[in-house]
file input_23.csv (CSV, C-alpha atoms)
chain,number,residue,atom,x,y,z
L,1458,MET,CA,0.0,0.0,0.0
L,1459,LYS,CA,2.8,2.4,0.9
L,1460,GLN,CA,4.5,2.0,-2.5
L,1461,LYS,CA,1.2,2.6,-4.3
L,1462,ILE,CA,0.6,5.7,-2.4
L,1463,GLN,CA,4.1,7.0,-3.1
L,1464,GLU,CA,3.6,6.3,-6.8
L,1465,LEU,CA,0.3,8.1,-6.9
L,1466,ALA,CA,1.8,11.0,-4.8
L,1467,ALA,CA,4.6,11.4,-7.4
L,1468,LYS,CA,2.0,11.2,-10.2
L,1469,ILE,CA,-0.1,14.0,-8.8
L,1470,TYR,CA,2.8,16.2,-7.5
L,1471,ASN,CA,3.0,18.6,-10.4
L,1472,ASP,CA,-0.7,19.1,-10.3
L,1473,VAL,CA,-0.6,19.8,-6.6
L,1474,VAL,CA,2.1,22.4,-7.1
L,1475,ALA,CA,-0.1,24.0,-9.7
L,1476,TYR,CA,-3.1,24.0,-7.4
L,1477,ARG,CA,-1.1,25.6,-4.7
L,1478,GLN,CA,0.3,28.3,-7.0
L,1479,HIS,CA,-3.2,29.1,-8.3
L,1480,LEU,CA,-4.6,29.4,-4.8
L,1481,HIS,CA,-1.7,31.5,-3.7
L,1482,ALA,CA,-2.2,33.9,-6.5
L,1483,ASN,CA,-5.9,34.1,-5.8
L,1484,PRO,CA,-6.2,34.4,-2.0
L,1485,GLU,CA,-9.5,35.1,-0.2
L,1486,LEU,CA,-10.2,36.3,3.3
L,1487,SER,CA,-12.1,34.4,6.0
L,1488,PHE,CA,-15.7,33.6,5.2
L,1489,LYS,CA,-15.2,34.9,1.7
L,1490,GLU,CA,-13.5,31.9,0.1
L,1491,PHE,CA,-16.0,31.7,-2.7
L,1492,GLN,CA,-13.6,31.0,-5.6
L,1493,THR,CA,-11.4,28.7,-3.5
L,1494,SER,CA,-14.5,26.7,-2.6
L,1495,LEU,CA,-15.5,26.5,-6.2
L,1496,PHE,CA,-12.0,25.4,-7.2
L,1497,VAL,CA,-12.2,22.5,-4.6
L,1498,LYS,CA,-15.6,21.4,-5.8
L,1499,GLU,CA,-14.6,21.4,-9.5
L,1500,HIS,CA,-11.8,18.9,-8.7
L,1501,LEU,CA,-13.9,16.7,-6.5
L,1502,THR,CA,-16.5,16.6,-9.2
L,1503,LYS,CA,-13.9,15.8,-11.8
L,1504,TRP,CA,-12.8,12.8,-9.7
L,1505,GLY,CA,-16.3,11.6,-9.0
L,1506,ILE,CA,-16.0,12.4,-5.2
L,1507,GLU,CA,-19.4,13.3,-3.6
L,1508,TYR,CA,-19.5,16.4,-1.5
L,1509,SER,CA,-21.8,18.8,0.3
L,1510,ASP,CA,-21.6,22.5,1.2
L,1511,MET,CA,-21.3,23.6,4.8
L,1512,ALA,CA,-20.6,26.9,6.7
L,1513,ASN,CA,-21.4,28.8,3.5
L,1514,THR,CA,-18.0,28.4,1.8
L,1515,GLY,CA,-16.9,25.1,3.3
L,1516,VAL,CA,-16.9,21.8,1.4
L,1517,VAL,CA,-17.1,18.3,2.9
L,1518,GLY,CA,-16.2,15.4,0.6
L,1519,LEU,CA,-16.7,11.7,1.2
L,1520,ILE,CA,-14.6,8.8,-0.2
L,1521,LYS,CA,-16.0,5.4,0.7
L,1522,GLY,CA,-13.8,2.3,0.4
L,1523,ASN,CA,-15.3,-0.5,-1.5
L,1524,ILE,CA,-14.5,-3.0,1.3
L,1525,PRO,CA,-17.3,-2.8,3.9
L,1526,SER,CA,-16.4,-1.1,7.2
L,1527,ASP,CA,-18.0,1.3,9.7
L,1528,ASN,CA,-14.7,3.0,10.4
L,1529,VAL,CA,-14.6,6.7,9.5
L,1530,ILE,CA,-11.7,9.2,9.7
L,1531,ALA,CA,-11.8,13.0,8.9
L,1532,LEU,CA,-9.0,14.9,7.2
L,1533,ARG,CA,-9.1,18.7,7.5
L,1534,ALA,CA,-7.6,21.6,5.5
L,1535,ASP,CA,-8.3,25.3,6.0
L,1536,MET,CA,-8.7,27.6,3.0
L,1537,ASP,CA,-8.6,31.3,4.1
L,1538,ALA,CA,-5.9,33.9,3.6
L,1539,LEU,CA,-4.7,36.9,5.7
L,1540,PRO,CA,-5.0,40.7,5.2
L,1541,ILE,CA,-1.3,41.1,4.4
L,1542,HIS,CA,0.3,42.7,1.4
L,1543,GLU,CA,2.7,40.2,-0.1
L,1544,ALA,CA,6.4,41.2,-0.5
L,1545,ASN,CA,7.5,38.1,-2.5
L,1546,ASP,CA,8.3,38.6,-6.2
L,1547,LYS,CA,7.2,35.3,-7.5
L,1548,PRO,CA,5.2,34.4,-10.6
L,1549,TYR,CA,2.4,33.2,-8.3
L,1550,ARG,CA,2.4,36.2,-6.0
L,1551,SER,CA,-1.0,37.4,-4.8
L,1552,LYS,CA,-3.2,39.2,-7.4
L,1553,ASN,CA,-5.5,40.5,-4.6
L,1554,GLN,CA,-4.0,43.7,-3.2
L,1555,GLY,CA,-3.6,43.4,0.6
L,1556,VAL,CA,-4.6,39.7,0.7
L,1557,MET,CA,-2.0,36.9,1.0
L,1558,HIS,CA,-1.7,33.3,1.8
L,1559,ALA,CA,0.8,34.0,4.5
L,1560,CYS,CA,-0.1,31.0,6.7
L,1561,GLY,CA,0.1,28.2,4.2
L,1562,HIS,CA,-3.5,27.5,3.8
L,1563,ASP,CA,-3.0,27.3,0.1
L,1564,ALA,CA,-0.6,24.4,0.7
L,1565,HIS,CA,-3.1,22.8,3.1
L,1566,THR,CA,-6.0,22.9,0.6
L,1567,SER,CA,-3.9,21.8,-2.4
L,1568,SER,CA,-2.4,19.0,-0.3
L,1569,LEU,CA,-5.8,17.7,0.7
L,1570,LEU,CA,-6.9,17.8,-2.9
L,1571,GLY,CA,-3.9,15.6,-3.8
L,1572,THR,CA,-4.7,13.3,-0.9
L,1573,ALA,CA,-8.2,13.0,-2.1
L,1574,TYR,CA,-7.0,12.0,-5.6
L,1575,ILE,CA,-4.7,9.3,-4.1
L,1576,LEU,CA,-7.4,7.9,-1.8
L,1577,ASN,CA,-10.0,7.9,-4.6
L,1578,GLN,CA,-7.7,5.9,-6.8
L,1579,LEU,CA,-7.4,3.3,-4.0
L,1580,LYS,CA,-11.1,2.8,-3.2
L,1581,ASP,CA,-11.1,-0.9,-4.2
L,1582,GLU,CA,-8.2,-1.6,-1.8
L,1583,PHE,CA,-9.4,-0.1,1.5
L,1584,ALA,CA,-12.2,-0.4,4.0
L,1585,GLY,CA,-13.9,2.5,5.7
L,1586,THR,CA,-14.9,6.1,4.9
L,1587,ILE,CA,-12.8,9.2,4.6
L,1588,LYS,CA,-14.3,12.6,5.2
L,1589,LEU,CA,-12.6,15.5,3.5
L,1590,ILE,CA,-13.1,18.8,5.4
L,1591,PHE,CA,-12.2,21.9,3.4
L,1592,GLN,CA,-12.8,24.5,6.1
L,1593,PRO,CA,-13.2,28.3,5.8
L,1594,ALA,CA,-12.2,31.0,8.2
L,1595,GLU,CA,-9.5,29.5,10.5
L,1596,GLU,CA,-8.0,33.0,10.9
L,1597,LEU,CA,-11.1,34.9,12.2
L,1598,LEU,CA,-13.2,34.4,15.3
L,1599,PRO,CA,-15.4,32.5,15.9
L,1600,GLY,CA,-13.4,30.2,13.5
L,1601,GLY,CA,-14.8,28.1,10.7
L,1602,ALA,CA,-14.3,24.9,12.7
L,1603,SER,CA,-16.7,25.9,15.4
L,1604,ILE,CA,-19.4,26.7,12.8
L,1605,MET,CA,-18.8,23.5,10.9
L,1606,ILE,CA,-19.1,21.5,14.1
L,1607,LYS,CA,-22.4,23.2,14.9
L,1608,GLU,CA,-23.6,22.4,11.4
L,1609,GLY,CA,-22.8,18.7,11.8
L,1610,VAL,CA,-19.4,18.1,10.1
L,1611,LEU,CA,-18.6,15.5,12.7
L,1612,GLU,CA,-21.8,13.6,12.1
L,1613,ASN,CA,-23.4,11.5,9.4
L,1614,PRO,CA,-21.0,9.7,9.2
L,1615,LYS,CA,-19.3,10.3,12.6
L,1616,PRO,CA,-15.5,10.0,12.4
L,1617,GLN,CA,-13.6,8.2,15.1
L,1618,SER,CA,-10.8,10.7,14.7
L,1619,ILE,CA,-9.6,13.7,12.7
L,1620,VAL,CA,-6.2,14.6,11.3
L,1621,GLY,CA,-4.8,17.9,10.2
L,1622,GLN,CA,-1.5,19.2,9.1
L,1623,HIS,CA,0.0,22.7,9.1
L,1624,VAL,CA,3.1,24.2,7.4
L,1625,MET,CA,6.1,24.9,9.6
L,1626,PRO,CA,9.0,27.0,8.1
L,1627,LEU,CA,11.2,26.2,11.1
L,1628,ILE,CA,11.3,22.6,10.0
L,1629,ASP,CA,13.1,21.5,6.8
L,1630,ALA,CA,11.0,20.4,3.9
L,1631,GLY,CA,10.8,16.6,3.8
L,1632,LYS,CA,10.4,16.4,7.6
L,1633,VAL,CA,7.3,16.5,9.8
L,1634,GLY,CA,6.8,17.1,13.5
L,1635,PHE,CA,4.5,15.6,16.2
L,1636,ARG,CA,3.5,16.2,19.8
L,1637,SER,CA,1.2,14.1,21.9
L,1638,GLY,CA,-1.1,15.7,24.4
L,1639,ILE,CA,-1.6,19.5,24.9
L,1640,TYR,CA,0.1,21.2,21.9
L,1641,MET,CA,-1.3,24.7,21.2
L,1642,ALA,CA,-2.8,27.5,23.4
L,1643,SER,CA,-6.2,28.9,23.8
L,1644,THR,CA,-6.5,32.5,22.7
L,1645,ASP,CA,-8.6,35.5,23.9
L,1646,GLU,CA,-8.7,39.0,22.6
L,1647,LEU,CA,-8.7,41.8,25.2
L,1648,TYR,CA,-10.3,45.2,24.5
L,1649,VAL,CA,-9.9,47.7,27.3
L,1650,THR,CA,-11.1,51.3,27.4
L,1651,VAL,CA,-9.8,53.5,30.3
L,1652,HIS,CA,-12.0,56.5,31.0
L,1653,GLY,CA,-10.6,59.7,32.6
L,1654,LYS,CA,-11.0,63.4,32.3
L,1655,GLY,CA,-8.9,65.1,29.6
L,1656,GLY,CA,-7.4,68.6,29.6
L,1657,HIS,CA,-4.3,70.6,29.1
L,1658,GLY,CA,-1.1,68.8,29.8
L,1659,ALA,CA,0.2,71.7,31.8
L,1660,GLN,CA,-2.7,71.3,34.3
L,1661,PRO,CA,-2.6,67.6,35.3
L,1662,HIS,CA,-4.1,68.4,38.7
L,1663,GLN,CA,-7.3,69.4,37.0
L,1664,ASN,CA,-7.6,66.2,35.0
L,1665,ILE,CA,-7.9,62.5,35.6
L,1666,ASP,CA,-5.2,61.1,33.4
L,1667,PRO,CA,-6.2,57.9,31.6
L,1668,VAL,CA,-2.8,57.5,30.0
L,1669,LEU,CA,-1.2,57.2,33.5
L,1670,ILE,CA,-4.0,54.9,34.6
L,1671,THR,CA,-3.4,52.7,31.5
L,1672,ALA,CA,0.3,52.5,32.2
L,1673,HIS,CA,-0.4,51.2,35.7
L,1674,ILE,CA,-2.9,48.7,34.4
L,1675,ILE,CA,-0.5,47.3,31.7
L,1676,VAL,CA,2.3,46.8,34.3
L,1677,ALA,CA,0.0,45.5,37.0
L,1678,LEU,CA,-1.7,42.9,34.8
L,1679,GLN,CA,1.6,41.1,34.2
L,1680,GLN,CA,1.2,40.1,37.8
L,1681,ILE,CA,-1.6,37.8,36.7
L,1682,VAL,CA,1.0,35.7,34.9
L,1683,SER,CA,4.0,36.1,37.2
L,1684,ARG,CA,2.2,35.8,40.6
L,1685,ASN,CA,-1.2,34.2,40.0
L,1686,ALA,CA,-0.6,31.5,37.4
L,1687,ASP,CA,0.9,28.2,38.3
L,1688,PRO,CA,4.6,28.5,37.1
L,1689,ARG,CA,4.3,25.1,35.6
L,1690,LEU,CA,1.5,26.2,33.3
L,1691,PRO,CA,2.5,28.4,30.3
L,1692,SER,CA,0.5,31.6,30.1
L,1693,VAL,CA,1.1,34.7,27.9
L,1694,LEU,CA,-0.4,38.1,28.3
L,1695,SER,CA,0.6,40.7,25.7
L,1696,PHE,CA,-0.7,44.1,24.7
L,1697,GLY,CA,0.1,45.2,21.2
L,1698,LYS,CA,-2.0,48.3,20.7
L,1699,VAL,CA,-2.4,51.4,22.9
L,1700,ASN,CA,-4.4,54.4,21.5
L,1701,ALA,CA,-4.4,57.6,23.6
L,1702,ASN,CA,-5.1,60.0,20.7
L,1703,GLY,CA,-3.9,62.9,22.7
L,1704,ALA,CA,-0.9,65.2,22.0
L,1705,THR,CA,2.3,66.5,23.7
L,1706,ASN,CA,0.2,68.9,25.7
L,1707,ILE,CA,-3.3,67.2,25.5
L,1708,ILE,CA,-4.4,64.6,28.0
L,1709,PRO,CA,-7.2,62.7,26.3
L,1710,ASN,CA,-10.5,61.6,27.9
L,1711,GLU,CA,-9.9,57.9,27.3
L,1712,VAL,CA,-7.3,55.4,26.2
L,1713,LYS,CA,-8.0,52.2,24.3
L,1714,LEU,CA,-5.9,49.1,24.9
L,1715,GLU,CA,-5.9,45.8,23.0
L,1716,GLY,CA,-4.1,42.6,23.7
L,1717,THR,CA,-4.2,38.8,23.9
L,1718,PHE,CA,-4.2,36.2,26.6
L,1719,ARG,CA,-3.2,32.6,26.0
L,1720,THR,CA,-2.8,29.5,28.1
L,1721,LEU,CA,-3.2,25.8,28.2
L,1722,ASN,CA,-5.8,25.1,30.9
L,1723,GLU,CA,-9.5,26.0,30.6
L,1724,GLU,CA,-10.0,26.4,34.4
L,1725,TRP,CA,-7.1,28.8,34.8
L,1726,ARG,CA,-8.2,30.6,31.6
L,1727,ASN,CA,-11.6,31.4,33.2
L,1728,GLU,CA,-10.0,32.4,36.5
L,1729,ALA,CA,-7.5,34.7,34.8
L,1730,HIS,CA,-10.4,36.5,33.0
L,1731,LYS,CA,-11.9,37.3,36.3
L,1732,LEU,CA,-8.6,38.4,37.8
L,1733,MET,CA,-7.7,40.7,34.9
L,1734,LYS,CA,-11.0,42.4,34.8
L,1735,LYS,CA,-11.1,42.9,38.6
L,1736,MET,CA,-7.6,44.3,38.7
L,1737,ALA,CA,-8.0,46.7,35.8
L,1738,GLU,CA,-11.3,48.1,37.1
L,1739,GLY,CA,-9.9,48.4,40.6
L,1740,ILE,CA,-6.8,50.3,39.5
L,1741,ALA,CA,-8.8,52.7,37.3
L,1742,GLU,CA,-11.3,53.4,40.2
L,1743,SER,CA,-8.5,53.9,42.7
L,1744,MET,CA,-7.0,56.6,40.5
L,1745,GLY,CA,-10.3,58.4,39.9
L,1746,GLY,CA,-11.2,56.9,36.6
L,1747,SER,CA,-13.0,53.8,35.3
L,1748,CYS,CA,-12.5,51.2,32.7
L,1749,THR,CA,-14.4,48.7,30.6
L,1750,PHE,CA,-12.7,45.3,30.1
L,1751,ASP,CA,-14.1,43.3,27.3
L,1752,ILE,CA,-12.8,39.7,26.6
L,1753,HIS,CA,-13.6,38.2,23.2
L,1754,ARG,CA,-13.3,34.5,24.0
L,1755,GLY,CA,-11.3,32.8,21.2
L,1756,TYR,CA,-10.2,29.2,20.4
L,1757,PRO,CA,-9.7,26.6,23.1
L,1758,PHE,CA,-6.4,24.9,23.6
L,1759,LEU,CA,-5.5,22.1,21.2
L,1760,ILE,CA,-4.9,18.6,22.4
L,1761,ASN,CA,-3.5,15.7,20.4
L,1762,GLU,CA,-5.0,12.4,21.5
L,1763,GLU,CA,-2.3,10.0,22.6
L,1764,LYS,CA,-3.2,6.9,20.6
L,1765,VAL,CA,-4.2,8.7,17.4
L,1766,THR,CA,-1.0,10.7,17.5
L,1767,ALA,CA,1.2,7.7,18.2
L,1768,ASN,CA,-0.4,5.9,15.3
L,1769,ALA,CA,0.1,8.9,13.0
L,1770,ARG,CA,3.7,9.3,14.1
L,1771,ALA,CA,4.4,5.7,13.4
L,1772,CYS,CA,2.9,6.1,10.0
L,1773,ALA,CA,5.2,9.0,9.3
L,1774,GLU,CA,8.3,7.1,10.4
L,1775,GLU,CA,7.2,4.2,8.1
L,1776,TYR,CA,6.5,6.5,5.2
L,1777,LEU,CA,9.3,9.0,5.5
L,1778,GLY,CA,11.9,7.3,7.7
L,1779,ALA,CA,12.4,7.9,11.4
L,1780,GLU,CA,15.1,10.4,10.7
L,1781,ASN,CA,12.5,12.7,9.1
L,1782,VAL,CA,10.1,12.7,12.0
L,1783,ILE,CA,10.8,15.1,14.9
L,1784,ASP,CA,9.4,16.0,18.3
L,1785,LEU,CA,7.5,19.3,18.7
L,1786,ASP,CA,7.4,21.6,21.8
L,1787,ILE,CA,4.4,23.4,23.1
L,1788,TRP,CA,3.4,26.2,20.7
L,1789,MET,CA,1.6,29.2,22.2
L,1790,ALA,CA,0.0,30.2,19.0
L,1791,ALA,CA,-3.7,29.2,18.5
L,1792,GLU,CA,-5.6,27.2,15.9
L,1793,ASP,CA,-9.3,26.6,15.5
L,1794,PHE,CA,-8.5,22.9,14.8
L,1795,ALA,CA,-8.6,22.9,18.6
L,1796,TYR,CA,-12.4,22.9,18.4
L,1797,TYR,CA,-12.2,19.5,16.7
L,1798,SER,CA,-9.8,18.2,19.3
L,1799,GLN,CA,-12.1,19.2,22.1
L,1800,VAL,CA,-15.0,16.9,20.8
L,1801,THR,CA,-13.2,14.0,19.1
L,1802,ASP,CA,-9.9,12.3,19.0
L,1803,ALA,CA,-7.5,14.4,17.0
L,1804,CYS,CA,-3.9,14.7,15.7
L,1805,PHE,CA,-2.5,18.0,14.4
L,1806,TYR,CA,1.0,17.7,13.1
L,1807,ARG,CA,3.5,20.0,11.4
L,1808,LEU,CA,4.7,19.8,7.8
L,1809,GLY,CA,8.2,21.1,7.3
L,1810,THR,CA,8.4,23.7,4.5
L,1811,GLY,CA,11.7,25.4,5.3
L,1812,ASN,CA,14.7,25.7,3.1
L,1813,VAL,CA,17.4,28.2,3.8
L,1814,GLU,CA,18.8,28.2,0.3
L,1815,LYS,CA,15.4,28.8,-1.2
L,1816,GLY,CA,14.5,31.5,1.4
L,1817,THR,CA,11.5,29.8,2.8
L,1818,THR,CA,12.3,30.2,6.5
L,1819,TYR,CA,10.3,33.4,7.0
L,1820,SER,CA,7.6,33.0,9.8
L,1821,VAL,CA,4.0,32.6,9.0
L,1822,HIS,CA,1.9,35.8,9.1
L,1823,THR,CA,4.7,37.8,7.5
L,1824,PRO,CA,4.8,39.4,4.0
L,1825,ASN,CA,7.8,37.2,2.9
L,1826,PHE,CA,6.3,33.9,3.9
L,1827,ASP,CA,6.6,31.2,1.2
L,1828,ILE,CA,7.1,27.4,1.2
L,1829,ASP,CA,9.6,25.0,-0.4
L,1830,GLU,CA,7.2,23.2,-2.7
L,1831,ASP,CA,9.2,20.0,-2.3
L,1832,ALA,CA,7.2,19.7,0.9
L,1833,LEU,CA,4.2,18.9,-1.3
L,1834,LYS,CA,5.9,15.7,-2.2
L,1835,THR,CA,5.5,14.7,1.5
L,1836,SER,CA,2.1,16.3,2.3
L,1837,THR,CA,-0.2,14.4,0.0
L,1838,GLY,CA,1.0,10.9,0.3
L,1839,LEU,CA,1.7,11.0,4.1
L,1840,MET,CA,-1.8,12.1,4.9
L,1841,ALA,CA,-3.2,9.4,2.7
L,1842,TYR,CA,-1.1,6.8,4.4
L,1843,ILE,CA,-2.0,8.0,7.8
L,1844,ALA,CA,-5.7,8.0,6.9
L,1845,LEU,CA,-5.7,4.4,5.7
L,1846,LYS,CA,-3.7,3.2,8.7
L,1847,GLN,CA,-6.0,4.9,11.1
L,1848,LEU,CA,-8.9,3.1,9.4
L,1849,GLY,CA,-7.2,-0.2,10.1
L,1850,ASN,CA,-6.0,-1.0,6.6

call {"tool": "encode", "arguments": {"input": "input_23.csv", "output": "structure tokens"}}
result
Amino acid sequence: MKQKIQELAAKIYNDVVAYRQHLHANPELSFKEFQTSLFVKEHLTKWGIEYSDMANTGVVGLIKGNIPSDNVIALRADMDALPIHEANDKPYRSKNQGVMHACGHDAHTSSLLGTAYILNQLKDEFAGTIKLIFQPAEELLPGGASIMIKEGVLENPKPQSIVGQHVMPLIDAGKVGFRSGIYMASTDELYVTVHGKGGHGAQPHQNIDPVLITAHIIVALQQIVSRNADPRLPSVLSFGKVNANGATNIIPNEVKLEGTFRTLNEEWRNEAHKLMKKMAEGIAESMGGSCTFDIHRGYPFLINEEKVTANARACAEEYLGAENVIDLDIWMAAEDFAYYSQVTDACFYRLGTGNVEKGTTYSVHTPNFDIDEDALKTSTGLMAYIALKQLGN
């Protein structure tokens, strides 16, 4: 089976590269993946793979092996791009001004198309059903995964497990990485408005300075991580935007503050929300002002189920060689694949796309991000092999 998959992966490779370049050149933002969705459906139709629409622009395909079995596995790829202006000067650079596939979702979608082709060619040789999830809006709350779950993507048929892969420029192309257990963080967006009383900067005694109050709040809130969190539990609190909108001699009436909180435990996450809000409001009040502290709850933490992940890792070692499979550390970024991992057994692994000589080591979410397309030789066949092994073939 492995040899057949490798042969089919080699056969479809050039097409997968073309898919990826087409999608990269025509990126679409979250919940607006209309042409991307159409592109996916055109190929599934061409190969005779049945599909249904979900979450507006999402597509769910089904490939049923011709050997009877009730086993079902889901494979997921996300499709949306980011609001970033691309800096790369490549033939396939983005044609959509200010929109870019800077997180590799073009590679994920094209890879799953290649995997679908391979599995469809092998229907006579495997038992079980493979659900192909082409998901919108990973990059934007509430996340396409949460919507697809609500609309029944994990039902009819119900998969026993779900597998996803994500590009990683820090890993060389040709290699993949796995981590069992808790892997990625929850993420929450923090929106704080500090209210005071503005006035002339030369007369601070007549004002209630929201800038000074905000400064105290920013510093004090770090205590939530350094003195309230269990030191064995990773937590991150970062503020990236402060807008006072005053001037050198103008104290404004209010200051707006935006940030993020991330951790790996839901109980502590909920407790931290209460502590942050109470501390910020208390500081503002003690200094004569007030504040509103709004928390936009984001994705939960992502957990890789032990048995599913061990099986997938063993498949990767068989398919690529043990020397090409590495261990991953905890990653404090967030992923809406976490929603799947909270309701079913899941494995989310990393596909190496880095190559120093080709200049593909820039981080995701940057204008220079790109992949070594040799990684697409790995991505399609490996996921097909993992899927069939998970099904018990």

call {"tool": "atom_distance", "arguments": {"input": "input_23.csv", "atom1": "CA of His1500 (chain L)", "atom2": "CA of Leu1570 (chain L)"}}
result
7.7 Å

call {"tool": "closest_residue", "arguments": {"input": "input_23.csv", "among": "L:Pro1667, L:Gly1522, L:Pro1614, L:Gly1638", "to": "Leu1785 (chain L)", "atoms": "only C-alpha atoms"}}
result
L:Gly1638

call {"tool": "atom_distance", "arguments": {"input": "input_23.csv", "atom1": "CA of Leu1647 (chain L)", "atom2": "CA of Lys1698 (chain L)"}}
result
10.4 Å

call {"tool": "residues_around", "arguments": {"input": "input_23.csv", "residues": "region 1648-1655 of chain L", "least_positions_apart": "4", "cutoff": "8 Å", "atoms": "only C-alpha atoms", "output": "PDB file with C-alpha atoms, in the coordinates of the input"}}
result
ATOM      1  CA  ASN L1664      -7.600  66.200  35.000  1.00  0.00           C
ATOM      2  CA  ILE L1665      -7.900  62.500  35.600  1.00  0.00           C
ATOM      3  CA  ASP L1666      -5.200  61.100  33.400  1.00  0.00           C
ATOM      4  CA  PRO L1667      -6.200  57.900  31.600  1.00  0.00           C
ATOM      5  CA  ILE L1670      -4.000  54.900  34.600  1.00  0.00           C
ATOM      6  CA  THR L1671      -3.400  52.700  31.500  1.00  0.00           C
ATOM      7  CA  ILE L1707      -3.300  67.200  25.500  1.00  0.00           C
ATOM      8  CA  ILE L1708      -4.400  64.600  28.000  1.00  0.00           C
ATOM      9  CA  PRO L1709      -7.200  62.700  26.300  1.00  0.00           C
ATOM     10  CA  ASN L1710     -10.500  61.600  27.900  1.00  0.00           C
ATOM     11  CA  GLU L1711      -9.900  57.900  27.300  1.00  0.00           C
ATOM     12  CA  VAL L1712      -7.300  55.400  26.200  1.00  0.00           C
ATOM     13  CA  LYS L1713      -8.000  52.200  24.300  1.00  0.00           C
ATOM     14  CA  LEU L1714      -5.900  49.100  24.900  1.00  0.00           C
ATOM     15  CA  GLU L1715      -5.900  45.800  23.000  1.00  0.00           C
ATOM     16  CA  GLY L1716      -4.100  42.600  23.700  1.00  0.00           C
ATOM     17  CA  ALA L1741      -8.800  52.700  37.300  1.00  0.00           C
ATOM     18  CA  GLY L1745     -10.300  58.400  39.900  1.00  0.00           C
ATOM     19  CA  GLY L1746     -11.200  56.900  36.600  1.00  0.00           C
ATOM     20  CA  SER L1747     -13.000  53.800  35.300  1.00  0.00           C
ATOM     21  CA  CYS L1748     -12.500  51.200  32.700  1.00  0.00           C
ATOM     22  CA  THR L1749     -14.400  48.700  30.600  1.00  0.00           C
ATOM     23  CA  PHE L1750     -12.700  45.300  30.100  1.00  0.00           C
ATOM     24  CA  ASP L1751     -14.100  43.300  27.300  1.00  0.00           C
ATOM     25  CA  ILE L1752     -12.800  39.700  26.600  1.00  0.00           C
ATOM     26  CA  HIS L1753     -13.600  38.200  23.200  1.00  0.00           C
TER      27      HIS L1753
END

call {"tool": "residues_near_point", "arguments": {"input": "input_23.csv", "point": "(0.2, 8.8, 4.8)", "cutoff": "8 Å", "atoms": "all atoms listed in the file", "output": "list in words"}}
result
Lys1459, Ile1462, Cys1772, Ala1773, Tyr1776, Thr1837, Gly1838, Leu1839, Met1840, Ala1841, Tyr1842, Ile1843, Ala1844, Leu1845 and Lys1846 of chain L

call {"tool": "closest_residue", "arguments": {"input": "input_23.csv", "among": "L:Asn1523, L:Asn1850, L:Gln1663, L:Gln1492", "to": "Gln1578 (chain L)", "atoms": "all atoms listed in the file"}}
result
L:Asn1523

call {"tool": "closest_residue", "arguments": {"input": "input_23.csv", "among": "L:Trp1725, L:Phe1696, L:Phe1583, L:Trp1788", "to": "Met1458 (chain L)", "atoms": "all atoms listed in the file"}}
result
L:Phe1583
